[in-house]
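First up is the structure itself, then whatever we jot down about it.
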Amino acid sequence: MLLFAIIYYAVNGVFFSFFNFLFGINGRKNSSKRVDFTKSMLTLMMWMLSFSLISLLPEFGFQPAFLSDIYSFWTIAIILIAFILIDFLEYWIHLFFHKSPFLWKFHRVHHESFELNWSKALRLSVVESFGTSLFINLFLFILFGKEKLILLVILFGSKRFYGFFLHSNTDVAYGKAVLYFSSPRFHHWHHATLTQNPLNLSTLFPIWDKIFGTYYGEGSEIPRIYGIRNSEDKLSQNGKTIQVI
């Protein structure tokens with residue numbers, strides 16, 4: 001597991017270092033390029049440990065027969081539905097980690113950094129990284145069984161990769177398209193607003209923020225400050241004023 005984590009980390013490190021070189025925000029402090037190697041490795045190992053534990057579970061026979069063909073219409077349709085459902089579940093898990101005083105003790109480490117880069121997506125406590133991935137992998141196992149678990153891990157691994165992109169030190173905005181897909185600027189505002197009243201929680205589909213009243217959008221520029229600190233700075237959009245910290 002450790003070797004795989006190192007290789008996975010190195011590949012992402014090389015890719016996003018080059019990506020940052022091409023599209024990185026000019027004028028940001030050098031600390032915005034500093035990666036959280038130790039916390040990132042622990043997070044990767046917790047993700048792999050949770051997958052390993054689920055893979056040890058015995059097979060069960062609840063899957064409908066039409067799921068036996070991996071290329072069937074129903075299998076592809078259910079995988080796409082599961083993809084959307086996982087994003088929905090992750091939205092609520094994320095919100096609970098902010099709203100629950102107990103869970104916030106574990107999640108706050110993700111918001112303590114004053115700068116963002118791709119590795120901050122992996123800056124998680126062991127409790128959060130293991131617990132969340134175990135819950136999601138167990139859900140996938142129940143829905144699809146062990147036979148397709150590897151396929152789904154690869155599929156949702158791409159979702160994790162997109163999370164690295166959202167935390168990257170880049171000001172990438174989608175404009176009106178942000179109503180359908182989260183952008184780096186969209187997520188950067190999540191790290192700039194009050195952590196106990198969080199906005200822009202969605203990882204992939206901002207529709208959840210729209211529906212449940214936590215949508216801020218991309219704003220007119222990238223946030224100036226991040227982290228957990230006191231400030232009198234305010235941001236405003238659509239007549240709504242929000243304090244940022």
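Identifiers in the structure tokens: chain A, B, ... in order shown; residue index from 1 per chain; ligand index from 1 in order shown.
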
List the spatial neighbours of region 177-189 of chain A as a VMD selection string - criterion: any atom at most 9 Å away, only C-alpha atoms, same-chain residues fewer than 2 positions off excluded. chain A and resid 116 163 165 to 175 191 to 193 199 to 207 210 216 to 219 221 to 223 226 244

Which residues are near Phe4 (chain A)? Cut-off 9 Å, only C-alpha atoms, ignore same chain within fewer than 3 positions. Put them as JSON, numbers by chain. {"A": [1, 7, 8, 9, 44, 45]}

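Using only C-alpha atoms, the contacts of Ser40 (chain A) at a cut-off of 8 Å, with sequence neighbours closer than 4 positions omitted, comprise Tyr9, Asp36, Leu44, Ser119, Lys120, Leu122, Arg123 and Leu124 of chain A.
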
Store the residues picked out above in a file with C-alpha atoms, as a PDB file, in the first residue's frame.
```pdb
ATOM      1  CA  TYR A   9       1.378  10.765  -5.115  1.00  0.00           C
ATOM      2  CA  ASP A  36       1.563  18.366   2.614  1.00  0.00           C
ATOM      3  CA  LEU A  44      -3.893   7.807   0.489  1.00  0.00           C
ATOM      4  CA  SER A 119      -2.073  18.399  -2.220  1.00  0.00           C
ATOM      5  CA  LYS A 120      -4.486  20.234   0.123  1.00  0.00           C
ATOM      6  CA  LEU A 122      -5.366  15.185   0.671  1.00  0.00           C
ATOM      7  CA  ARG A 123      -4.859  17.258   3.830  1.00  0.00           C
ATOM      8  CA  LEU A 124      -7.370  15.256   5.883  1.00  0.00           C
TER       9      LEU A 124
END
```

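If you measure from each of A:Leu89, A:Met48, A:Ala5, A:Ile25 to Trp208 (chain A) using only C-alpha atoms, the closest one turns out to be A:Leu89.
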
If you run DSSP on the backbone here, which positions in region 28-180 of chain A get alpha helix (DSSP H)? Please write them as a VMD selection string. chain A and resid 37 to 55 73 to 99 101 to 107 126 to 144 149 to 167

Let me make sure I understand: among A:Ile79, A:Ile228, A:Ile150, A:Leu134, which one has the smallest atom-to-atom distance to Leu53 (chain A) if we use only C-alpha atoms? A:Leu134

Which of region 16-234 of chain A counts as strand (DSSP E or B) under DSSP, as a ChimeraX atom specification please? /A:24,170,193,234

Written file, previous selection with N, CA and C atoms, as a compact mmCIF listing (two decimals), in the first residue's frame:
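Generated file (again_0.txt):
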```
# COMPACT_ATOMS: atom_id res chain seq x y z
N GLY A 24 -0.67 28.49 -12.98
CA GLY A 24 -0.65 28.93 -11.59
C GLY A 24 -0.91 30.42 -11.44
N THR A 170 -4.76 27.58 -8.97
CA THR A 170 -5.13 28.16 -10.26
C THR A 170 -6.46 28.88 -10.12
N THR A 193 -14.70 31.15 3.05
CA THR A 193 -15.88 31.60 3.79
C THR A 193 -15.94 30.97 5.17
N LYS A 234 -15.21 41.23 3.85
CA LYS A 234 -16.54 40.80 3.45
C LYS A 234 -16.55 40.49 1.96
```

Among the residues A:Trp47, A:Phe97, A:Trp74, A:Phe114, the one that comes closest to Gly227 (chain A) [using only C-alpha atoms]: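 Result for the nearest residue to Gly227 (chain A): A:Phe114.
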
Pick from A:Leu95, A:Asn12, A:Phe135, A:Phe23 nearest to Pro198 (chain A), counting only C-alpha atoms: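 Residue with the minimum atom-to-atom distance to Pro198 (chain A): A:Leu95.
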